[in-house]
file my_file32.pdb (PDB, C-alpha atoms)
ATOM      1  CA  MET A 390       0.000   0.000   0.000
ATOM      2  CA  THR A 391       1.476   3.350  -0.993
ATOM      3  CA  LYS A 392       1.431   6.375   1.245
ATOM      4  CA  LYS A 393      -1.517   7.862  -0.637
ATOM      5  CA  GLU A 394      -3.440   4.594  -0.221
ATOM      6  CA  MET A 395      -2.838   4.323   3.521
ATOM      7  CA  LYS A 396      -6.022   4.248   5.528
ATOM      8  CA  LEU A 397      -6.861   7.129   7.813
ATOM      9  CA  LYS A 398      -6.896   5.991  11.445
ATOM     10  CA  CYS A 399     -10.182   7.169  12.926
ATOM     11  CA  LEU A 400     -11.386   7.972  16.412
ATOM     12  CA  VAL A 401     -15.140   8.222  16.932
ATOM     13  CA  VAL A 402     -16.334  10.221  19.939
ATOM     14  CA  GLU A 403     -20.088   9.710  20.181
ATOM     15  CA  ASP A 404     -22.319   9.065  23.196
ATOM     16  CA  ASP A 405     -25.526   8.302  21.260
ATOM     17  CA  SER A 406     -25.603   4.522  20.579
ATOM     18  CA  PRO A 407     -27.540   4.601  17.272
ATOM     19  CA  SER A 408     -25.321   7.394  15.907
ATOM     20  CA  GLN A 409     -22.204   5.600  17.095
ATOM     21  CA  PHE A 410     -23.349   2.389  15.395
ATOM     22  CA  LEU A 411     -24.030   4.224  12.117
ATOM     23  CA  ILE A 412     -20.683   6.040  12.077
ATOM     24  CA  LYS A 413     -18.793   2.836  12.881
ATOM     25  CA  TYR A 414     -20.703   1.032  10.129
ATOM     26  CA  LEU A 415     -19.905   3.749   7.582
ATOM     27  CA  ILE A 416     -16.220   3.801   8.551
ATOM     28  CA  ASN A 417     -15.964   0.012   8.331
ATOM     29  CA  HIS A 418     -17.484   0.137   4.836
ATOM     30  CA  THR A 419     -15.127   2.837   3.550
ATOM     31  CA  ASP A 420     -11.884   1.509   2.063
ATOM     32  CA  SER A 421      -9.832   4.573   2.959
ATOM     33  CA  LEU A 422     -10.763   4.535   6.673
ATOM     34  CA  GLU A 423      -9.775   2.366   9.612
ATOM     35  CA  LEU A 424     -11.721   2.500  12.884
ATOM     36  CA  THR A 425      -9.033   2.618  15.548
ATOM     37  CA  PHE A 426     -10.984   3.771  18.612
ATOM     38  CA  CYS A 427     -14.579   4.510  19.567
ATOM     39  CA  VAL A 428     -15.450   6.188  22.875
ATOM     40  CA  GLU A 429     -18.478   7.794  24.484
ATOM     41  CA  ASP A 430     -16.970  10.825  26.195
ATOM     42  CA  ALA A 431     -14.397  13.577  25.786
ATOM     43  CA  TYR A 432     -12.228  12.444  28.723
ATOM     44  CA  LYS A 433     -11.475   9.093  27.088
ATOM     45  CA  ALA A 434     -10.972  10.810  23.736
ATOM     46  CA  LYS A 435      -8.437  13.204  25.261
ATOM     47  CA  GLN A 436      -6.428  10.265  26.638
ATOM     48  CA  ILE A 437      -6.448   8.522  23.262
ATOM     49  CA  LEU A 438      -5.470  11.683  21.393
ATOM     50  CA  GLY A 439      -2.599  12.218  23.824
ATOM     51  CA  SER A 440      -1.048   8.818  23.230
ATOM     52  CA  ASN A 441      -2.035   7.687  19.713
ATOM     53  CA  GLN A 442      -1.767   8.910  16.161
ATOM     54  CA  ILE A 443      -5.255   9.695  14.927
ATOM     55  CA  ASP A 444      -5.648  10.821  11.329
ATOM     56  CA  LEU A 445      -9.347  11.707  11.445
ATOM     57  CA  LEU A 446     -11.606  12.517  14.379
ATOM     58  CA  PHE A 447     -15.375  12.038  14.176
ATOM     59  CA  LEU A 448     -16.590  14.210  17.031
ATOM     60  CA  ASP A 449     -19.998  14.834  18.540
ATOM     61  CA  ILE A 450     -20.451  18.196  20.245
ATOM     62  CA  ASN A 451     -22.880  17.359  23.035
ATOM     63  CA  LEU A 452     -20.933  14.884  25.175
ATOM     64  CA  PRO A 453     -20.922  13.948  28.854
ATOM     65  CA  GLY A 454     -18.292  15.755  30.924
ATOM     66  CA  PHE A 455     -17.219  18.453  28.518
ATOM     67  CA  ASN A 456     -18.298  19.062  24.945
ATOM     68  CA  GLY A 457     -16.476  18.497  21.677
ATOM     69  CA  ILE A 458     -15.445  22.141  21.291
ATOM     70  CA  GLU A 459     -13.935  22.118  24.804
ATOM     71  CA  LEU A 460     -12.115  18.894  23.941
ATOM     72  CA  LEU A 461     -10.489  20.537  20.919
ATOM     73  CA  GLU A 462      -9.539  23.577  23.015
ATOM     74  CA  SER A 463      -7.858  21.316  25.587
ATOM     75  CA  ILE A 464      -5.556  19.293  23.323
ATOM     76  CA  GLY A 465      -2.263  20.217  21.712
ATOM     77  CA  TYR A 466      -2.136  18.366  18.407
ATOM     78  CA  GLN A 467      -5.432  18.374  16.602
ATOM     79  CA  PRO A 468      -6.178  15.893  13.830
ATOM     80  CA  PRO A 469      -8.635  16.829  11.090
ATOM     81  CA  VAL A 470     -12.159  16.786  12.528
ATOM     82  CA  ILE A 471     -15.542  15.863  11.129
ATOM     83  CA  PHE A 472     -18.204  17.036  13.538
ATOM     84  CA  THR A 473     -21.198  14.719  13.855
ATOM     85  CA  THR A 474     -23.904  16.526  15.757
ATOM     86  CA  ALA A 475     -27.569  17.401  15.996
ATOM     87  CA  TYR A 476     -26.737  21.025  16.822
ATOM     88  CA  PRO A 477     -26.349  23.353  13.824
ATOM     89  CA  ASN A 478     -25.700  26.387  16.046
ATOM     90  CA  TYR A 479     -22.090  25.315  16.729
ATOM     91  CA  ALA A 480     -21.103  25.181  13.046
ATOM     92  CA  LEU A 481     -19.547  28.642  12.907
ATOM     93  CA  ASP A 482     -17.529  28.154  16.107
ATOM     94  CA  SER A 483     -16.295  24.763  14.944
ATOM     95  CA  PHE A 484     -14.341  26.228  12.050
ATOM     96  CA  ASN A 485     -11.904  27.834  14.504
ATOM     97  CA  PHE A 486     -10.399  24.349  14.610
ATOM     98  CA  ASN A 487      -9.018  21.848  12.096
ATOM     99  CA  VAL A 488     -12.534  21.025  10.860
ATOM    100  CA  VAL A 489     -13.001  19.219   7.570
ATOM    101  CA  ASP A 490     -16.794  19.038   7.670
ATOM    102  CA  TYR A 491     -19.846  19.434   9.867
ATOM    103  CA  LEU A 492     -22.399  16.624   9.564
ATOM    104  CA  LEU A 493     -25.845  17.095  11.013
ATOM    105  CA  LYS A 494     -27.699  14.076  12.387
ATOM    106  CA  PRO A 495     -29.239  12.008  11.036
ATOM    107  CA  ILE A 496     -26.159  11.450   8.887
ATOM    108  CA  SER A 497     -26.729  10.252   5.348
ATOM    109  CA  GLU A 498     -24.280   7.944   3.624
ATOM    110  CA  ASP A 499     -23.846  10.439   0.792
ATOM    111  CA  ARG A 500     -22.909  13.318   3.137
ATOM    112  CA  PHE A 501     -20.587  11.001   5.055
ATOM    113  CA  LYS A 502     -18.778  10.045   1.838
ATOM    114  CA  ARG A 503     -18.402  13.688   0.815
ATOM    115  CA  ALA A 504     -16.953  14.563   4.222
ATOM    116  CA  VAL A 505     -14.479  11.676   4.009
ATOM    117  CA  GLN A 506     -13.503  12.778   0.500
ATOM    118  CA  ARG A 507     -12.723  16.242   1.896
ATOM    119  CA  ALA A 508     -10.592  14.683   4.615
ATOM    120  CA  LEU A 509      -8.672  12.656   2.032
ATOM    121  CA  GLU A 510      -8.144  15.735  -0.136
ATOM    122  CA  LYS A 511      -6.893  17.643   2.905
ATOM    123  CA  ARG A 512      -4.466  14.843   3.772
ATOM    124  CA  ASN A 513      -3.154  14.729   0.207
ATOM    125  CA  SER A 514      -2.837  18.522   0.102
ATOM    126  CA  ASP A 515      -0.974  18.588   3.421
ATOM    127  CA  SER A 516       1.277  15.765   2.209
ATOM    128  CA  ILE A 517       2.180  17.702  -0.944
ATOM    129  CA  LYS A 518       2.956  20.821   1.131
ATOM    130  CA  ILE A 519       5.259  18.851   3.437
ATOM    131  CA  GLN A 520       6.967  17.165   0.508
ATOM    132  CA  HIS A 521       7.492  20.561  -1.153
ATOM    133  CA  GLU A 522       8.985  21.969   2.044
ATOM    134  CA  PHE A 523      11.488  19.093   2.209
ATOM    135  CA  GLU A 524      12.410  19.560  -1.432
ATOM    136  CA  ASN A 525      13.430  23.154  -0.679
ATOM    137  CA  ILE A 526      15.852  22.200   2.090
ATOM    138  CA  PRO A 527      19.383  22.977   0.947
ATOM    139  CA  THR A 528      21.854  20.098   0.683
ATOM    140  CA  PHE A 529      24.862  22.326   1.364
ATOM    141  CA  ILE A 530      25.452  25.157   3.807
ATOM    142  CA  ASN A 531      28.165  27.785   3.886
ATOM    143  CA  ILE A 532      30.053  28.006   7.165
ATOM    144  CA  PRO A 533      31.981  31.258   7.643
ATOM    145  CA  ILE A 534      35.620  30.814   8.646
ATOM    146  CA  GLY A 535      37.266  34.175   9.136
ATOM    147  CA  ILE A 536      36.770  36.175   5.938
ATOM    148  CA  ASP A 537      36.161  33.007   3.875
ATOM    149  CA  SER A 538      33.513  30.313   4.031
ATOM    150  CA  VAL A 539      33.469  26.583   3.466
ATOM    151  CA  GLU A 540      30.635  24.749   1.723
ATOM    152  CA  VAL A 541      29.596  21.690   3.766
ATOM    153  CA  ASP A 542      27.266  18.885   2.730
ATOM    154  CA  ILE A 543      24.571  18.763   5.435
ATOM    155  CA  ASN A 544      24.476  14.963   5.177
ATOM    156  CA  ALA A 545      28.111  14.879   6.313
ATOM    157  CA  ILE A 546      27.360  16.721   9.551
ATOM    158  CA  ILE A 547      27.280  14.499  12.642
TER     159      ILE A 547
END
call {"tool": "encode", "arguments": {"input": "my_file32.pdb", "output": "structure tokens"}}
result
Amino acid sequence: MTKKEMKLKCLVVEDDSPSQFLIKYLINHTDSLELTFCVEDAYKAKQILGSNQIDLLFLDINLPGFNGIELLESIGYQPPVIFTTAYPNYALDSFNFNVVDYLLKPISEDRFKRAVQRALEKRNSDSIKIQHEFENIPTFINIPIGIDSVEVDINAII
């Protein structure tokens, strides 16, 4: 499997059992996704996000303990997020974060697929940006020595 074909590792944070079942079902039937974790509250999600690589977060807003927005505010690294919620009034606030899409419940398969496609496009776009940044790293540096300088291959530096 090439890097572009690698599955996105997903965390689902959803306290509503029917919604959780649907999201898990849709993830498991999408070739580009892998369900890695599924939890019911933001506390467990925060622990998982702190110790695992998650490529895509499916996040409900209304959760026990603290809500999805508060979860995002409390973590350092933030994976791309697809909000899955029944509350349209948080949509504007959600885009202050790394949000790919905002799905309103009940979630249709078509909207789910479009949101996942956006996440994949974002991953590919970010990958191209990173690759471009590495391509622009110089292979030699000039080290000043008195009034002269010496060109040194950066791969030779220990």
call {"tool": "resolve_selection", "arguments": {"input": "my_file32.pdb", "expression": "the PyMOL selection byres ((chain A and resi 470) around 10)", "output": "PyMOL selection string"}}
result
chain A and resi 399-400+444-448+461+467-469+471-473+483-484+486-491+504+508
call {"tool": "resolve_selection", "arguments": {"input": "my_file32.pdb", "expression": "the PyMOL selection byres ((chain A and resi 460) around 10)", "output": "PDB file with C-alpha atoms, in the coordinates of the input"}}
result
ATOM      1  CA  ASP A 430     -16.970  10.825  26.195  1.00  0.00           C
ATOM      2  CA  ALA A 431     -14.397  13.577  25.786  1.00  0.00           C
ATOM      3  CA  TYR A 432     -12.228  12.444  28.723  1.00  0.00           C
ATOM      4  CA  ALA A 434     -10.972  10.810  23.736  1.00  0.00           C
ATOM      5  CA  LYS A 435      -8.437  13.204  25.261  1.00  0.00           C
ATOM      6  CA  LEU A 448     -16.590  14.210  17.031  1.00  0.00           C
ATOM      7  CA  ILE A 450     -20.451  18.196  20.245  1.00  0.00           C
ATOM      8  CA  LEU A 452     -20.933  14.884  25.175  1.00  0.00           C
ATOM      9  CA  GLY A 454     -18.292  15.755  30.924  1.00  0.00           C
ATOM     10  CA  PHE A 455     -17.219  18.453  28.518  1.00  0.00           C
ATOM     11  CA  ASN A 456     -18.298  19.062  24.945  1.00  0.00           C
ATOM     12  CA  GLY A 457     -16.476  18.497  21.677  1.00  0.00           C
ATOM     13  CA  ILE A 458     -15.445  22.141  21.291  1.00  0.00           C
ATOM     14  CA  GLU A 459     -13.935  22.118  24.804  1.00  0.00           C
ATOM     15  CA  LEU A 461     -10.489  20.537  20.919  1.00  0.00           C
ATOM     16  CA  GLU A 462      -9.539  23.577  23.015  1.00  0.00           C
ATOM     17  CA  SER A 463      -7.858  21.316  25.587  1.00  0.00           C
ATOM     18  CA  ILE A 464      -5.556  19.293  23.323  1.00  0.00           C
ATOM     19  CA  GLN A 467      -5.432  18.374  16.602  1.00  0.00           C
TER      20      GLN A 467
END
call {"tool": "residues_near_point", "arguments": {"input": "my_file32.pdb", "point": "(-8.5, 4.4, 15.5)", "cutoff": "12 Å", "atoms": "all atoms listed in the file", "output": "ChimeraX atom specification"}}
result
/A:396-402,413,416-417,422-428,434,437-438,440-447,468
call {"tool": "write_last_selection", "arguments": {"input": "my_file32.pdb", "atoms": "C-alpha atoms", "output": "compact mmCIF listing (two decimals), in the frame of the given file"}}
result
# COMPACT_ATOMS: atom_id res chain seq x y z
CA LYS A 396 -6.02 4.25 5.53
CA LEU A 397 -6.86 7.13 7.81
CA LYS A 398 -6.90 5.99 11.44
CA CYS A 399 -10.18 7.17 12.93
CA LEU A 400 -11.39 7.97 16.41
CA VAL A 401 -15.14 8.22 16.93
CA VAL A 402 -16.33 10.22 19.94
CA LYS A 413 -18.79 2.84 12.88
CA ILE A 416 -16.22 3.80 8.55
CA ASN A 417 -15.96 0.01 8.33
CA LEU A 422 -10.76 4.54 6.67
CA GLU A 423 -9.78 2.37 9.61
CA LEU A 424 -11.72 2.50 12.88
CA THR A 425 -9.03 2.62 15.55
CA PHE A 426 -10.98 3.77 18.61
CA CYS A 427 -14.58 4.51 19.57
CA VAL A 428 -15.45 6.19 22.88
CA ALA A 434 -10.97 10.81 23.74
CA ILE A 437 -6.45 8.52 23.26
CA LEU A 438 -5.47 11.68 21.39
CA SER A 440 -1.05 8.82 23.23
CA ASN A 441 -2.04 7.69 19.71
CA GLN A 442 -1.77 8.91 16.16
CA ILE A 443 -5.26 9.70 14.93
CA ASP A 444 -5.65 10.82 11.33
CA LEU A 445 -9.35 11.71 11.44
CA LEU A 446 -11.61 12.52 14.38
CA PHE A 447 -15.38 12.04 14.18
CA PRO A 468 -6.18 15.89 13.83
call {"tool": "residues_around", "arguments": {"input": "my_file32.pdb", "residues": "A:Leu493", "least_positions_apart": "6", "cutoff": "8 Å", "atoms": "only C-alpha atoms", "output": "list in words"}}
result
Thr473, Thr474, Ala475, Tyr476 and Pro477 of chain A
call {"tool": "atom_distance", "arguments": {"input": "my_file32.pdb", "atom1": "atom CA of A:Leu509", "atom2": "atom CA of A:Met395"}}
result
10.3 Å
call {"tool": "resolve_selection", "arguments": {"input": "my_file32.pdb", "expression": "the PyMOL selection byres ((chain A and resi 546) around 12)", "output": "list in words"}}
result
Thr528, Phe529, Ile530, Ile532, Glu540, Val541, Asp542, Ile543, Asn544, Ala545 and Ile547 of chain A
call {"tool": "atom_distance", "arguments": {"input": "my_file32.pdb", "atom1": "atom CA of A:Lys433", "atom2": "atom CA of A:Asn478"}}
result
25.0 Å
call {"tool": "atom_distance", "arguments": {"input": "my_file32.pdb", "atom1": "atom CA of A:Tyr414", "atom2": "atom CA of A:Asp482"}}
result
28.0 Å
call {"tool": "closest_residue", "arguments": {"input": "my_file32.pdb", "among": "A:Thr419, A:Asp499, A:Pro453, A:Gln506", "to": "A:Asp404", "atoms": "all atoms listed in the file"}}
result
A:Pro453
call {"tool": "closest_residue", "arguments": {"input": "my_file32.pdb", "among": "A:Pro533, A:Ser421, A:Glu498, A:Asp405", "to": "A:Glu510", "atoms": "only C-alpha atoms"}}
result
A:Ser421
call {"tool": "closest_residue", "arguments": {"input": "my_file32.pdb", "among": "A:Asn485, A:Glu403, A:Ile412, A:Gly465", "to": "A:Asp449", "atoms": "only C-alpha atoms"}}
result
A:Glu403
